[in-house]
>>> print(open('model-v4.pdb').read())   # PDB, C-alpha atoms
ATOM      1  CA  MET B  32      45.619  58.849  11.203
ATOM      2  CA  LEU B  33      45.892  60.358   7.705
ATOM      3  CA  ARG B  34      49.674  60.639   8.014
ATOM      4  CA  GLU B  35      49.925  56.984   9.052
ATOM      5  CA  ARG B  36      47.755  55.899   6.124
ATOM      6  CA  LEU B  37      49.873  57.855   3.651
ATOM      7  CA  ALA B  38      53.106  56.452   5.085
ATOM      8  CA  VAL B  39      51.885  52.859   4.799
ATOM      9  CA  THR B  40      50.567  53.490   1.280
ATOM     10  CA  LEU B  41      53.868  54.964   0.062
ATOM     11  CA  LEU B  42      55.750  52.049   1.612
ATOM     12  CA  LEU B  43      53.595  49.468  -0.174
ATOM     13  CA  VAL B  44      53.391  51.135  -3.605
ATOM     14  CA  PRO B  45      56.822  50.046  -4.994
ATOM     15  CA  PRO B  46      56.447  46.303  -4.209
ATOM     16  CA  ALA B  47      52.831  46.383  -5.411
ATOM     17  CA  LEU B  48      53.853  47.917  -8.740
ATOM     18  CA  TRP B  49      56.571  45.296  -9.116
ATOM     19  CA  VAL B  50      54.173  42.409  -8.413
ATOM     20  CA  ILE B  51      51.580  43.758 -10.872
ATOM     21  CA  GLY B  52      54.230  44.229 -13.528
ATOM     22  CA  ARG B  53      55.657  40.735 -13.076
ATOM     23  CA  GLY B  54      52.254  39.063 -13.201
ATOM     24  CA  GLY B  55      52.086  35.276 -13.442
ATOM     25  CA  TRP B  56      52.388  33.194 -10.295
ATOM     26  CA  LEU B  57      53.677  36.103  -8.250
ATOM     27  CA  TYR B  58      50.615  38.254  -8.929
ATOM     28  CA  LEU B  59      48.294  35.271  -8.423
ATOM     29  CA  ALA B  60      49.907  34.525  -5.062
ATOM     30  CA  GLY B  61      49.631  38.148  -3.955
ATOM     31  CA  VAL B  62      45.955  38.492  -4.865
ATOM     32  CA  SER B  63      45.136  35.076  -3.384
ATOM     33  CA  LEU B  64      46.852  36.015  -0.116
ATOM     34  CA  LEU B  65      44.914  39.286   0.128
ATOM     35  CA  LEU B  66      41.580  37.658  -0.697
ATOM     36  CA  GLY B  67      42.238  34.764   1.686
ATOM     37  CA  THR B  68      43.055  37.204   4.488
ATOM     38  CA  ALA B  69      39.925  39.218   3.706
ATOM     39  CA  ALA B  70      37.853  36.010   3.727
ATOM     40  CA  ALA B  71      39.219  35.103   7.166
ATOM     41  CA  GLU B  72      38.305  38.576   8.442
ATOM     42  CA  TYR B  73      34.852  38.211   6.889
ATOM     43  CA  GLY B  74      34.222  34.950   8.710
ATOM     44  CA  LEU B  75      35.582  36.231  12.020
ATOM     45  CA  LEU B  76      33.432  39.347  11.689
ATOM     46  CA  PHE B  77      30.287  37.213  11.737
ATOM     47  CA  ARG B  78      31.652  34.959  14.452
ATOM     48  CA  ARG B  79      31.754  38.005  16.698
ATOM     49  CA  GLY B  80      27.999  38.165  16.206
ATOM     50  CA  GLY B  81      27.530  34.588  17.383
ATOM     51  CA  LEU B  82      27.385  32.870  13.973
ATOM     52  CA  ARG B  83      29.445  29.835  12.938
ATOM     53  CA  PRO B  84      30.594  30.049   9.314
ATOM     54  CA  ALA B  85      32.842  27.200   8.201
ATOM     55  CA  MET B  86      36.158  29.062   8.278
ATOM     56  CA  GLY B  87      38.190  26.465   6.411
ATOM     57  CA  LEU B  88      35.710  26.240   3.565
ATOM     58  CA  LEU B  89      35.177  29.995   3.487
ATOM     59  CA  VAL B  90      38.871  30.898   3.285
ATOM     60  CA  GLY B  91      40.002  27.921   1.228
ATOM     61  CA  GLY B  92      37.035  28.251  -1.102
ATOM     62  CA  ALA B  93      37.631  31.961  -1.676
ATOM     63  CA  VAL B  94      41.285  31.353  -2.513
ATOM     64  CA  LEU B  95      40.492  28.398  -4.767
ATOM     65  CA  LEU B  96      37.794  30.270  -6.691
ATOM     66  CA  ALA B  97      40.034  33.309  -7.176
ATOM     67  CA  ALA B  98      43.104  31.307  -8.173
ATOM     68  CA  GLY B  99      40.945  29.186 -10.468
ATOM     69  CA  ARG B 100      40.594  32.163 -12.824
ATOM     70  CA  GLN B 101      44.186  31.499 -13.833
ATOM     71  CA  LEU B 102      44.598  27.815 -13.027
ATOM     72  CA  PHE B 103      41.405  26.200 -14.383
ATOM     73  CA  ASP B 104      39.367  26.306 -17.568
ATOM     74  CA  VAL B 105      35.737  27.433 -17.445
ATOM     75  CA  LYS B 106      34.267  23.928 -16.999
ATOM     76  CA  LEU B 107      36.608  23.101 -14.133
ATOM     77  CA  GLN B 108      35.862  26.449 -12.468
ATOM     78  CA  GLY B 109      32.162  25.522 -12.520
ATOM     79  CA  LEU B 110      32.912  22.093 -11.035
ATOM     80  CA  VAL B 111      34.991  23.624  -8.227
ATOM     81  CA  LEU B 112      32.199  26.082  -7.435
ATOM     82  CA  ALA B 113      29.574  23.298  -7.361
ATOM     83  CA  VAL B 114      31.704  21.099  -5.072
ATOM     84  CA  LEU B 115      32.348  23.979  -2.670
ATOM     85  CA  LEU B 116      28.648  24.851  -2.415
ATOM     86  CA  LEU B 117      27.639  21.251  -1.791
ATOM     87  CA  ALA B 118      30.447  20.794   0.733
ATOM     88  CA  ALA B 119      29.265  23.909   2.589
ATOM     89  CA  MET B 120      25.720  22.561   2.777
ATOM     90  CA  ALA B 121      26.924  19.193   4.049
ATOM     91  CA  TRP B 122      29.181  20.842   6.642
ATOM     92  CA  HIS B 123      26.409  22.960   8.097
ATOM     93  CA  GLU B 124      23.956  20.060   8.129
ATOM     94  CA  LEU B 125      26.463  18.182  10.279
ATOM     95  CA  ASP B 126      27.075  21.248  12.437
ATOM     96  CA  PHE B 127      23.341  21.599  13.027
ATOM     97  CA  GLU B 128      23.143  17.962  14.139
ATOM     98  CA  ARG B 129      25.926  18.749  16.612
ATOM     99  CA  GLY B 130      23.867  21.544  18.141
ATOM    100  CA  ALA B 131      24.592  24.703  16.124
ATOM    101  CA  PRO B 132      21.507  26.952  16.525
ATOM    102  CA  GLN B 133      21.607  28.979  13.289
ATOM    103  CA  SER B 134      23.072  26.694  10.645
ATOM    104  CA  GLY B 135      20.932  28.102   7.824
ATOM    105  CA  THR B 136      22.357  31.568   8.425
ATOM    106  CA  ASP B 137      25.835  30.107   8.961
ATOM    107  CA  PHE B 138      25.570  28.430   5.551
ATOM    108  CA  ALA B 139      24.588  31.752   3.968
ATOM    109  CA  VAL B 140      27.621  33.487   5.474
ATOM    110  CA  THR B 141      29.990  30.724   4.338
ATOM    111  CA  VAL B 142      28.654  30.741   0.783
ATOM    112  CA  SER B 143      28.446  34.517   0.482
ATOM    113  CA  GLY B 144      32.047  34.884   1.645
ATOM    114  CA  MET B 145      33.318  32.322  -0.851
ATOM    115  CA  LEU B 146      31.377  33.855  -3.718
ATOM    116  CA  TYR B 147      31.903  37.525  -2.934
ATOM    117  CA  LEU B 148      35.612  37.382  -2.129
ATOM    118  CA  GLY B 149      36.505  34.354  -4.248
ATOM    119  CA  TRP B 150      34.347  34.457  -7.368
ATOM    120  CA  ILE B 151      33.879  38.236  -7.596
ATOM    121  CA  GLY B 152      37.287  39.050  -6.123
ATOM    122  CA  GLY B 153      38.789  36.672  -8.668
ATOM    123  CA  TYR B 154      38.122  39.234 -11.388
ATOM    124  CA  LEU B 155      41.260  40.985 -10.134
ATOM    125  CA  VAL B 156      43.087  37.918 -11.464
ATOM    126  CA  ALA B 157      41.018  37.824 -14.654
ATOM    127  CA  LEU B 158      41.709  41.522 -15.314
ATOM    128  CA  ARG B 159      45.459  40.913 -15.172
ATOM    129  CA  GLY B 160      44.987  38.044 -17.631
ATOM    130  CA  LEU B 161      43.519  40.288 -20.347
ATOM    131  CA  PRO B 162      45.725  41.571 -23.183
ATOM    132  CA  GLU B 163      47.728  44.456 -21.706
ATOM    133  CA  GLY B 164      46.382  43.319 -18.361
ATOM    134  CA  GLU B 165      49.174  44.844 -16.300
ATOM    135  CA  TRP B 166      48.290  48.301 -17.625
ATOM    136  CA  TRP B 167      44.586  47.840 -16.922
ATOM    137  CA  VAL B 168      45.328  46.805 -13.337
ATOM    138  CA  LEU B 169      47.700  49.766 -12.982
ATOM    139  CA  LEU B 170      44.924  52.011 -14.257
ATOM    140  CA  THR B 171      42.113  50.497 -12.191
ATOM    141  CA  LEU B 172      43.517  50.243  -8.675
ATOM    142  CA  PRO B 173      45.187  53.690  -8.414
ATOM    143  CA  THR B 174      42.104  55.289  -9.969
ATOM    144  CA  VAL B 175      39.900  53.794  -7.261
ATOM    145  CA  TRP B 176      42.286  55.048  -4.577
ATOM    146  CA  LEU B 177      42.474  58.543  -6.087
ATOM    147  CA  ALA B 178      38.694  58.733  -6.540
ATOM    148  CA  ASP B 179      38.219  57.683  -2.923
ATOM    149  CA  SER B 180      40.768  60.295  -1.813
ATOM    150  CA  GLY B 181      39.040  63.014  -3.830
ATOM    151  CA  ALA B 182      35.706  62.084  -2.273
ATOM    152  CA  TYR B 183      37.237  62.105   1.201
ATOM    153  CA  PHE B 184      38.914  65.510   0.993
ATOM    154  CA  VAL B 185      36.068  67.305  -0.784
ATOM    155  CA  GLY B 186      33.513  65.704   1.504
ATOM    156  CA  ARG B 187      35.398  66.891   4.567
ATOM    157  CA  ALA B 188      35.818  70.398   3.165
ATOM    158  CA  VAL B 189      32.392  71.192   1.720
ATOM    159  CA  GLY B 190      30.193  68.136   2.253
ATOM    160  CA  ARG B 191      26.743  68.913   3.642
ATOM    161  CA  ARG B 192      24.224  66.415   2.247
ATOM    162  CA  LYS B 193      24.542  62.936   3.739
ATOM    163  CA  LEU B 194      24.898  60.154   1.180
ATOM    164  CA  SER B 195      24.045  57.237   3.453
ATOM    165  CA  PRO B 196      23.470  58.356   7.050
ATOM    166  CA  ARG B 197      22.967  54.894   8.476
ATOM    167  CA  LEU B 198      25.700  53.007   6.620
ATOM    168  CA  SER B 199      28.381  55.697   6.596
ATOM    169  CA  PRO B 200      27.450  58.989   8.283
ATOM    170  CA  ASN B 201      30.600  60.789   7.086
ATOM    171  CA  LYS B 202      29.964  60.267   3.369
ATOM    172  CA  THR B 203      28.252  63.102   1.500
ATOM    173  CA  TRP B 204      26.802  63.646  -1.947
ATOM    174  CA  GLU B 205      29.338  66.419  -2.526
ATOM    175  CA  GLY B 206      32.150  63.991  -1.759
ATOM    176  CA  TYR B 207      30.565  61.317  -3.931
ATOM    177  CA  LEU B 208      30.356  63.632  -6.957
ATOM    178  CA  ALA B 209      33.940  64.726  -6.349
ATOM    179  CA  GLY B 210      34.939  61.059  -6.399
ATOM    180  CA  VAL B 211      33.317  60.570  -9.810
ATOM    181  CA  VAL B 212      35.079  63.631 -11.242
ATOM    182  CA  THR B 213      38.404  62.687  -9.633
ATOM    183  CA  GLY B 214      38.031  59.156 -10.970
ATOM    184  CA  ALA B 215      37.469  60.414 -14.512
ATOM    185  CA  LEU B 216      40.463  62.775 -14.339
ATOM    186  CA  ALA B 217      42.682  60.157 -12.725
ATOM    187  CA  GLY B 218      41.686  57.530 -15.278
ATOM    188  CA  ALA B 219      42.436  59.853 -18.191
ATOM    189  CA  GLY B 220      45.746  60.978 -16.704
ATOM    190  CA  LEU B 221      46.956  57.497 -15.828
ATOM    191  CA  ALA B 222      45.946  56.169 -19.252
ATOM    192  CA  LEU B 223      48.017  58.940 -20.847
ATOM    193  CA  VAL B 224      51.028  58.093 -18.684
ATOM    194  CA  TRP B 225      50.803  54.296 -19.006
ATOM    195  CA  ARG B 226      50.287  54.572 -22.764
ATOM    196  CA  VAL B 227      53.947  55.586 -23.024
ATOM    197  CA  GLY B 228      54.910  52.144 -21.719
ATOM    198  CA  ALA B 229      52.123  50.236 -23.445
ATOM    199  CA  GLY B 230      52.834  51.743 -26.870
ATOM    200  CA  PRO B 231      50.874  53.903 -29.323
ATOM    201  CA  ALA B 232      48.902  50.917 -30.639
ATOM    202  CA  SER B 233      47.520  50.195 -27.172
ATOM    203  CA  GLY B 234      43.803  50.362 -26.450
ATOM    204  CA  LEU B 235      44.732  52.335 -23.337
ATOM    205  CA  THR B 236      43.464  55.766 -24.404
ATOM    206  CA  PRO B 237      42.715  58.819 -22.251
ATOM    207  CA  GLN B 238      39.096  58.711 -23.445
ATOM    208  CA  LEU B 239      38.643  55.129 -22.304
ATOM    209  CA  GLY B 240      40.551  55.902 -19.116
ATOM    210  CA  ALA B 241      38.159  58.749 -18.342
ATOM    211  CA  MET B 242      35.108  56.547 -18.981
ATOM    212  CA  LEU B 243      36.489  53.764 -16.837
ATOM    213  CA  GLY B 244      37.536  56.177 -14.084
ATOM    214  CA  ALA B 245      34.114  57.830 -13.954
ATOM    215  CA  ALA B 246      32.422  54.425 -13.749
ATOM    216  CA  LEU B 247      34.758  53.321 -10.965
ATOM    217  CA  GLY B 248      34.199  56.550  -9.045
ATOM    218  CA  ALA B 249      30.439  56.175  -9.384
ATOM    219  CA  ILE B 250      30.013  52.477  -8.580
ATOM    220  CA  THR B 251      32.852  51.233  -6.349
ATOM    221  CA  PRO B 252      31.653  53.211  -3.267
ATOM    222  CA  LEU B 253      28.935  50.547  -3.034
ATOM    223  CA  GLY B 254      31.668  48.081  -2.085
ATOM    224  CA  ASP B 255      32.772  50.323   0.758
ATOM    225  CA  LEU B 256      29.185  50.764   1.926
ATOM    226  CA  GLY B 257      28.584  47.014   1.774
ATOM    227  CA  ILE B 258      31.422  46.208   4.156
ATOM    228  CA  SER B 259      30.280  49.084   6.381
ATOM    229  CA  MET B 260      26.878  47.388   6.519
ATOM    230  CA  PHE B 261      28.434  44.179   7.859
ATOM    231  CA  LYS B 262      30.611  46.017  10.374
ATOM    232  CA  ARG B 263      27.755  48.129  11.689
ATOM    233  CA  GLN B 264      25.551  45.085  12.121
ATOM    234  CA  MET B 265      28.351  43.374  14.066
ATOM    235  CA  GLN B 266      29.155  46.664  15.873
ATOM    236  CA  VAL B 267      32.862  46.806  15.027
ATOM    237  CA  LYS B 268      34.922  49.658  13.563
ATOM    238  CA  ASP B 269      37.391  47.728  11.400
ATOM    239  CA  SER B 270      37.382  44.231   9.961
ATOM    240  CA  GLY B 271      40.934  43.691  11.225
ATOM    241  CA  SER B 272      44.232  45.382  12.060
ATOM    242  CA  LEU B 273      46.488  44.220   9.244
ATOM    243  CA  LEU B 274      47.860  47.682   8.361
ATOM    244  CA  THR B 275      48.364  50.682  10.614
ATOM    245  CA  GLY B 276      45.723  53.294   9.865
ATOM    246  CA  HIS B 277      44.064  51.135   7.200
ATOM    247  CA  GLY B 278      42.225  48.493   9.195
ATOM    248  CA  GLY B 279      42.087  44.977   7.796
ATOM    249  CA  ALA B 280      42.441  43.461   4.333
ATOM    250  CA  LEU B 281      38.655  43.474   3.946
ATOM    251  CA  ASP B 282      38.586  47.216   4.650
ATOM    252  CA  ARG B 283      41.128  47.805   1.852
ATOM    253  CA  LEU B 284      39.609  45.420  -0.673
ATOM    254  CA  ASP B 285      36.028  46.618  -0.259
ATOM    255  CA  SER B 286      36.140  48.840  -3.375
ATOM    256  CA  TRP B 287      38.770  46.830  -5.276
ATOM    257  CA  VAL B 288      36.498  43.789  -5.432
ATOM    258  CA  TRP B 289      33.913  45.872  -7.296
ATOM    259  CA  ALA B 290      36.601  47.569  -9.378
ATOM    260  CA  GLY B 291      38.009  44.274 -10.644
ATOM    261  CA  VAL B 292      34.753  42.956 -12.084
ATOM    262  CA  LEU B 293      33.680  46.359 -13.409
ATOM    263  CA  SER B 294      36.986  47.008 -15.181
ATOM    264  CA  TYR B 295      37.176  43.473 -16.550
ATOM    265  CA  TYR B 296      33.883  43.741 -18.410
ATOM    266  CA  LEU B 297      34.242  47.358 -19.477
ATOM    267  CA  VAL B 298      37.708  46.703 -20.896
ATOM    268  CA  SER B 299      36.527  43.487 -22.560
ATOM    269  CA  TRP B 300      33.575  45.258 -24.198
ATOM    270  CA  LEU B 301      35.259  48.513 -25.175
ATOM    271  CA  THR B 302      38.615  47.323 -26.545
TER     272      THR B 302
END
>>> encode(input="model-v4.pdb", output="structure tokens")
Amino acid sequence: MLRERLAVTLLLVPPALWVIGRGGWLYLAGVSLLLGTAAAEYGLLFRRGGLRPAMGLLVGGAVLLAAGRQLFDVKLQGLVLAVLLLAAMAWHELDFERGAPQSGTDFAVTVSGMLYLGWIGGYLVALRGLPEGEWWVLLTLPTVWLADSGAYFVGRAVGRRKLSPRLSPNKTWEGYLAGVVTGALAGAGLALVWRVGAGPASGLTPQLGAMLGAALGAITPLGDLGISMFKRQMQVKDSGSLLTGHGGALDRLDSWVWAGVLSYYLVSWLT
């Protein structure tokens, strides 16, 4: 399994770096596709449990909210969000009239999917739109992956104290702390490397990289645990089978969604 995951990761790294570097419509399309796929998996996950989220609104709304970070001004983003929420309510009212038994819960799933994967996930687009945004994305996403890898390997080797026995029995406090340390080291190291391309006047410093990496290592595991919560409630192992050894898009984006919003505000405040 680990070998398969590494092979897929190494295969995807070059095109991902190219898309992040190019930015613009290409990056927007890539992020929108990933978030839309994750939103579809999110809706189907709850459908397995007998619920009836509005799949078209959930997926389309998530994509529209995420893409709106680049396409719309703030007022129009608010209007789009309001229309989507009202449309979701109207849809589930109609579905209830047609016999749906749990339309209130269905509405909650539809709205939460749009907001979580569209509005919050859209910060991956907003982060790329910041000054030097390509470098901040190239710092954020690999740091999350490296922190997660550090937590995984240390947890397997020396982990004893369970971090969250019910949500994720294999996670340990030893692994978690290793993830924070790995995140800080990875953030500092990547900032030092990317600074060569960004230039000496860049705000991309090893000190800021270490702070950002430590924060990502400490907080983004909550994204992983959150998706685990949904999967355990629905009694499934993976949200999908998009990539060999990696599960679905939702399984891969679980920490990135948190990383995007966290990095966006930390970078905005500290630079």
>>> atom_distance(input="model-v4.pdb", atom1="atom CA of B:Thr141", atom2="atom CA of B:Leu89")
5.3 Å
>>> closest_residue(input="model-v4.pdb", among="B:Gly257, B:Gly186, B:Gly149, B:Gly55", to="B:Leu208", atoms="only C-alpha atoms")
B:Gly186
>>> resolve_selection(input="model-v4.pdb", expression="the PyMOL selection byres ((chain B and resi 116) around 12)", output="list in words")
Ala85, Leu88, Leu89, Gly92, Ala93, Leu96, Gly109, Leu110, Val111, Leu112, Ala113, Val114, Leu115, Leu117, Ala118, Ala119, Met120, Ala121, Trp122, His123, Phe138, Ala139, Val140, Thr141, Val142, Ser143, Gly144, Met145 and Leu146 of chain B
>>> write_last_selection(input="model-v4.pdb", atoms="C-alpha atoms", output="PDB file, keeping the file's coordinate frame")
ATOM      1  CA  ALA B  85      32.842  27.200   8.201  1.00  0.00           C
ATOM      2  CA  LEU B  88      35.710  26.240   3.565  1.00  0.00           C
ATOM      3  CA  LEU B  89      35.177  29.995   3.487  1.00  0.00           C
ATOM      4  CA  GLY B  92      37.035  28.251  -1.102  1.00  0.00           C
ATOM      5  CA  ALA B  93      37.631  31.961  -1.676  1.00  0.00           C
ATOM      6  CA  LEU B  96      37.794  30.270  -6.691  1.00  0.00           C
ATOM      7  CA  GLY B 109      32.162  25.522 -12.520  1.00  0.00           C
ATOM      8  CA  LEU B 110      32.912  22.093 -11.035  1.00  0.00           C
ATOM      9  CA  VAL B 111      34.991  23.624  -8.227  1.00  0.00           C
ATOM     10  CA  LEU B 112      32.199  26.082  -7.435  1.00  0.00           C
ATOM     11  CA  ALA B 113      29.574  23.298  -7.361  1.00  0.00           C
ATOM     12  CA  VAL B 114      31.704  21.099  -5.072  1.00  0.00           C
ATOM     13  CA  LEU B 115      32.348  23.979  -2.670  1.00  0.00           C
ATOM     14  CA  LEU B 117      27.639  21.251  -1.791  1.00  0.00           C
ATOM     15  CA  ALA B 118      30.447  20.794   0.733  1.00  0.00           C
ATOM     16  CA  ALA B 119      29.265  23.909   2.589  1.00  0.00           C
ATOM     17  CA  MET B 120      25.720  22.561   2.777  1.00  0.00           C
ATOM     18  CA  ALA B 121      26.924  19.193   4.049  1.00  0.00           C
ATOM     19  CA  TRP B 122      29.181  20.842   6.642  1.00  0.00           C
ATOM     20  CA  HIS B 123      26.409  22.960   8.097  1.00  0.00           C
ATOM     21  CA  PHE B 138      25.570  28.430   5.551  1.00  0.00           C
ATOM     22  CA  ALA B 139      24.588  31.752   3.968  1.00  0.00           C
ATOM     23  CA  VAL B 140      27.621  33.487   5.474  1.00  0.00           C
ATOM     24  CA  THR B 141      29.990  30.724   4.338  1.00  0.00           C
ATOM     25  CA  VAL B 142      28.654  30.741   0.783  1.00  0.00           C
ATOM     26  CA  SER B 143      28.446  34.517   0.482  1.00  0.00           C
ATOM     27  CA  GLY B 144      32.047  34.884   1.645  1.00  0.00           C
ATOM     28  CA  MET B 145      33.318  32.322  -0.851  1.00  0.00           C
ATOM     29  CA  LEU B 146      31.377  33.855  -3.718  1.00  0.00           C
TER      30      LEU B 146
END
>>> residues_around(input="model-v4.pdb", residues="stretch 215-220 of chain B", least_positions_apart="4", cutoff="12 Å", atoms="all atoms listed in the file", output="PyMOL selection string")
chain B and resi 166-181+208-211+224-227+235-249+294
>>> resolve_selection(input="model-v4.pdb", expression="the PyMOL selection byres ((chain B and resi 188) around 12)", output="short mmCIF file (atom, residue, chain, number, x, y, z; two decimals) with C-alpha atoms, in the frame of the given file")
data_model
loop_
_atom_site.label_atom_id
_atom_site.label_comp_id
_atom_site.auth_asym_id
_atom_site.auth_seq_id
_atom_site.Cartn_x
_atom_site.Cartn_y
_atom_site.Cartn_z
CA GLY B 181 39.04 63.01 -3.83
CA ALA B 182 35.71 62.08 -2.27
CA TYR B 183 37.24 62.10 1.20
CA PHE B 184 38.91 65.51 0.99
CA VAL B 185 36.07 67.31 -0.78
CA GLY B 186 33.51 65.70 1.50
CA ARG B 187 35.40 66.89 4.57
CA VAL B 189 32.39 71.19 1.72
CA GLY B 190 30.19 68.14 2.25
CA ARG B 191 26.74 68.91 3.64
CA ASN B 201 30.60 60.79 7.09
CA LYS B 202 29.96 60.27 3.37
CA THR B 203 28.25 63.10 1.50
CA GLU B 205 29.34 66.42 -2.53
CA GLY B 206 32.15 63.99 -1.76
CA ALA B 209 33.94 64.73 -6.35
#
>>> resolve_selection(input="model-v4.pdb", expression="the PyMOL selection byres ((chain B and resi 64) around 12)", output="PDB file with C-alpha atoms, in the frame of the given file")
ATOM      1  CA  TRP B  56      52.388  33.194 -10.295  1.00  0.00           C
ATOM      2  CA  LEU B  57      53.677  36.103  -8.250  1.00  0.00           C
ATOM      3  CA  TYR B  58      50.615  38.254  -8.929  1.00  0.00           C
ATOM      4  CA  LEU B  59      48.294  35.271  -8.423  1.00  0.00           C
ATOM      5  CA  ALA B  60      49.907  34.525  -5.062  1.00  0.00           C
ATOM      6  CA  GLY B  61      49.631  38.148  -3.955  1.00  0.00           C
ATOM      7  CA  VAL B  62      45.955  38.492  -4.865  1.00  0.00           C
ATOM      8  CA  SER B  63      45.136  35.076  -3.384  1.00  0.00           C
ATOM      9  CA  LEU B  65      44.914  39.286   0.128  1.00  0.00           C
ATOM     10  CA  LEU B  66      41.580  37.658  -0.697  1.00  0.00           C
ATOM     11  CA  GLY B  67      42.238  34.764   1.686  1.00  0.00           C
ATOM     12  CA  THR B  68      43.055  37.204   4.488  1.00  0.00           C
ATOM     13  CA  ALA B  69      39.925  39.218   3.706  1.00  0.00           C
ATOM     14  CA  ALA B  70      37.853  36.010   3.727  1.00  0.00           C
ATOM     15  CA  ALA B  71      39.219  35.103   7.166  1.00  0.00           C
ATOM     16  CA  VAL B  90      38.871  30.898   3.285  1.00  0.00           C
ATOM     17  CA  GLY B  91      40.002  27.921   1.228  1.00  0.00           C
ATOM     18  CA  ALA B  93      37.631  31.961  -1.676  1.00  0.00           C
ATOM     19  CA  VAL B  94      41.285  31.353  -2.513  1.00  0.00           C
ATOM     20  CA  LEU B  95      40.492  28.398  -4.767  1.00  0.00           C
ATOM     21  CA  ALA B  97      40.034  33.309  -7.176  1.00  0.00           C
ATOM     22  CA  ALA B  98      43.104  31.307  -8.173  1.00  0.00           C
ATOM     23  CA  LEU B 148      35.612  37.382  -2.129  1.00  0.00           C
ATOM     24  CA  GLY B 149      36.505  34.354  -4.248  1.00  0.00           C
ATOM     25  CA  GLY B 152      37.287  39.050  -6.123  1.00  0.00           C
ATOM     26  CA  GLY B 153      38.789  36.672  -8.668  1.00  0.00           C
ATOM     27  CA  ALA B 280      42.441  43.461   4.333  1.00  0.00           C
ATOM     28  CA  LEU B 281      38.655  43.474   3.946  1.00  0.00           C
ATOM     29  CA  LEU B 284      39.609  45.420  -0.673  1.00  0.00           C
TER      30      LEU B 284
END
>>> atom_distance(input="model-v4.pdb", atom1="atom CA of B:Tyr147", atom2="atom CA of B:Trp289")
9.6 Å
>>> residues_around(input="model-v4.pdb", residues="B:Glu163", least_positions_apart="2", cutoff="12 Å", atoms="only C-alpha atoms", output="MDAnalysis selection string")
chainID B and resid 51:52 54 157:161 165:170 225:226 228:230 232:235 295 298:299 302
>>> write_last_selection(input="model-v4.pdb", atoms="C-alpha atoms", output="PDB file, keeping the file's coordinate frame")
ATOM      1  CA  ILE B  51      51.580  43.758 -10.872  1.00  0.00           C
ATOM      2  CA  GLY B  52      54.230  44.229 -13.528  1.00  0.00           C
ATOM      3  CA  GLY B  54      52.254  39.063 -13.201  1.00  0.00           C
ATOM      4  CA  ALA B 157      41.018  37.824 -14.654  1.00  0.00           C
ATOM      5  CA  LEU B 158      41.709  41.522 -15.314  1.00  0.00           C
ATOM      6  CA  ARG B 159      45.459  40.913 -15.172  1.00  0.00           C
ATOM      7  CA  GLY B 160      44.987  38.044 -17.631  1.00  0.00           C
ATOM      8  CA  LEU B 161      43.519  40.288 -20.347  1.00  0.00           C
ATOM      9  CA  GLU B 165      49.174  44.844 -16.300  1.00  0.00           C
ATOM     10  CA  TRP B 166      48.290  48.301 -17.625  1.00  0.00           C
ATOM     11  CA  TRP B 167      44.586  47.840 -16.922  1.00  0.00           C
ATOM     12  CA  VAL B 168      45.328  46.805 -13.337  1.00  0.00           C
ATOM     13  CA  LEU B 169      47.700  49.766 -12.982  1.00  0.00           C
ATOM     14  CA  LEU B 170      44.924  52.011 -14.257  1.00  0.00           C
ATOM     15  CA  TRP B 225      50.803  54.296 -19.006  1.00  0.00           C
ATOM     16  CA  ARG B 226      50.287  54.572 -22.764  1.00  0.00           C
ATOM     17  CA  GLY B 228      54.910  52.144 -21.719  1.00  0.00           C
ATOM     18  CA  ALA B 229      52.123  50.236 -23.445  1.00  0.00           C
ATOM     19  CA  GLY B 230      52.834  51.743 -26.870  1.00  0.00           C
ATOM     20  CA  ALA B 232      48.902  50.917 -30.639  1.00  0.00           C
ATOM     21  CA  SER B 233      47.520  50.195 -27.172  1.00  0.00           C
ATOM     22  CA  GLY B 234      43.803  50.362 -26.450  1.00  0.00           C
ATOM     23  CA  LEU B 235      44.732  52.335 -23.337  1.00  0.00           C
ATOM     24  CA  TYR B 295      37.176  43.473 -16.550  1.00  0.00           C
ATOM     25  CA  VAL B 298      37.708  46.703 -20.896  1.00  0.00           C
ATOM     26  CA  SER B 299      36.527  43.487 -22.560  1.00  0.00           C
ATOM     27  CA  THR B 302      38.615  47.323 -26.545  1.00  0.00           C
TER      28      THR B 302
END
>>> closest_residue(input="model-v4.pdb", among="B:Val156, B:Arg192, B:Arg263, B:Pro162", to="B:Leu102", atoms="all atoms listed in the file")
B:Val156
>>> closest_residue(input="model-v4.pdb", among="B:Trp287, B:Phe77, B:Phe103, B:Phe261", to="B:Ser199", atoms="all atoms listed in the file")
B:Phe261
>>> closest_residue(input="model-v4.pdb", among="B:Val292, B:Leu198, B:Val105, B:Leu125", to="B:Asp255", atoms="all atoms listed in the file")
B:Leu198
>>> atom_distance(input="model-v4.pdb", atom1="atom CA of B:Asp137", atom2="atom CA of B:Gly279")
22.1 Å
>>> closest_residue(input="model-v4.pdb", among="B:Pro196, B:Leu155, B:Leu301, B:Val267", to="B:Val288", atoms="all atoms listed in the file")
B:Leu155
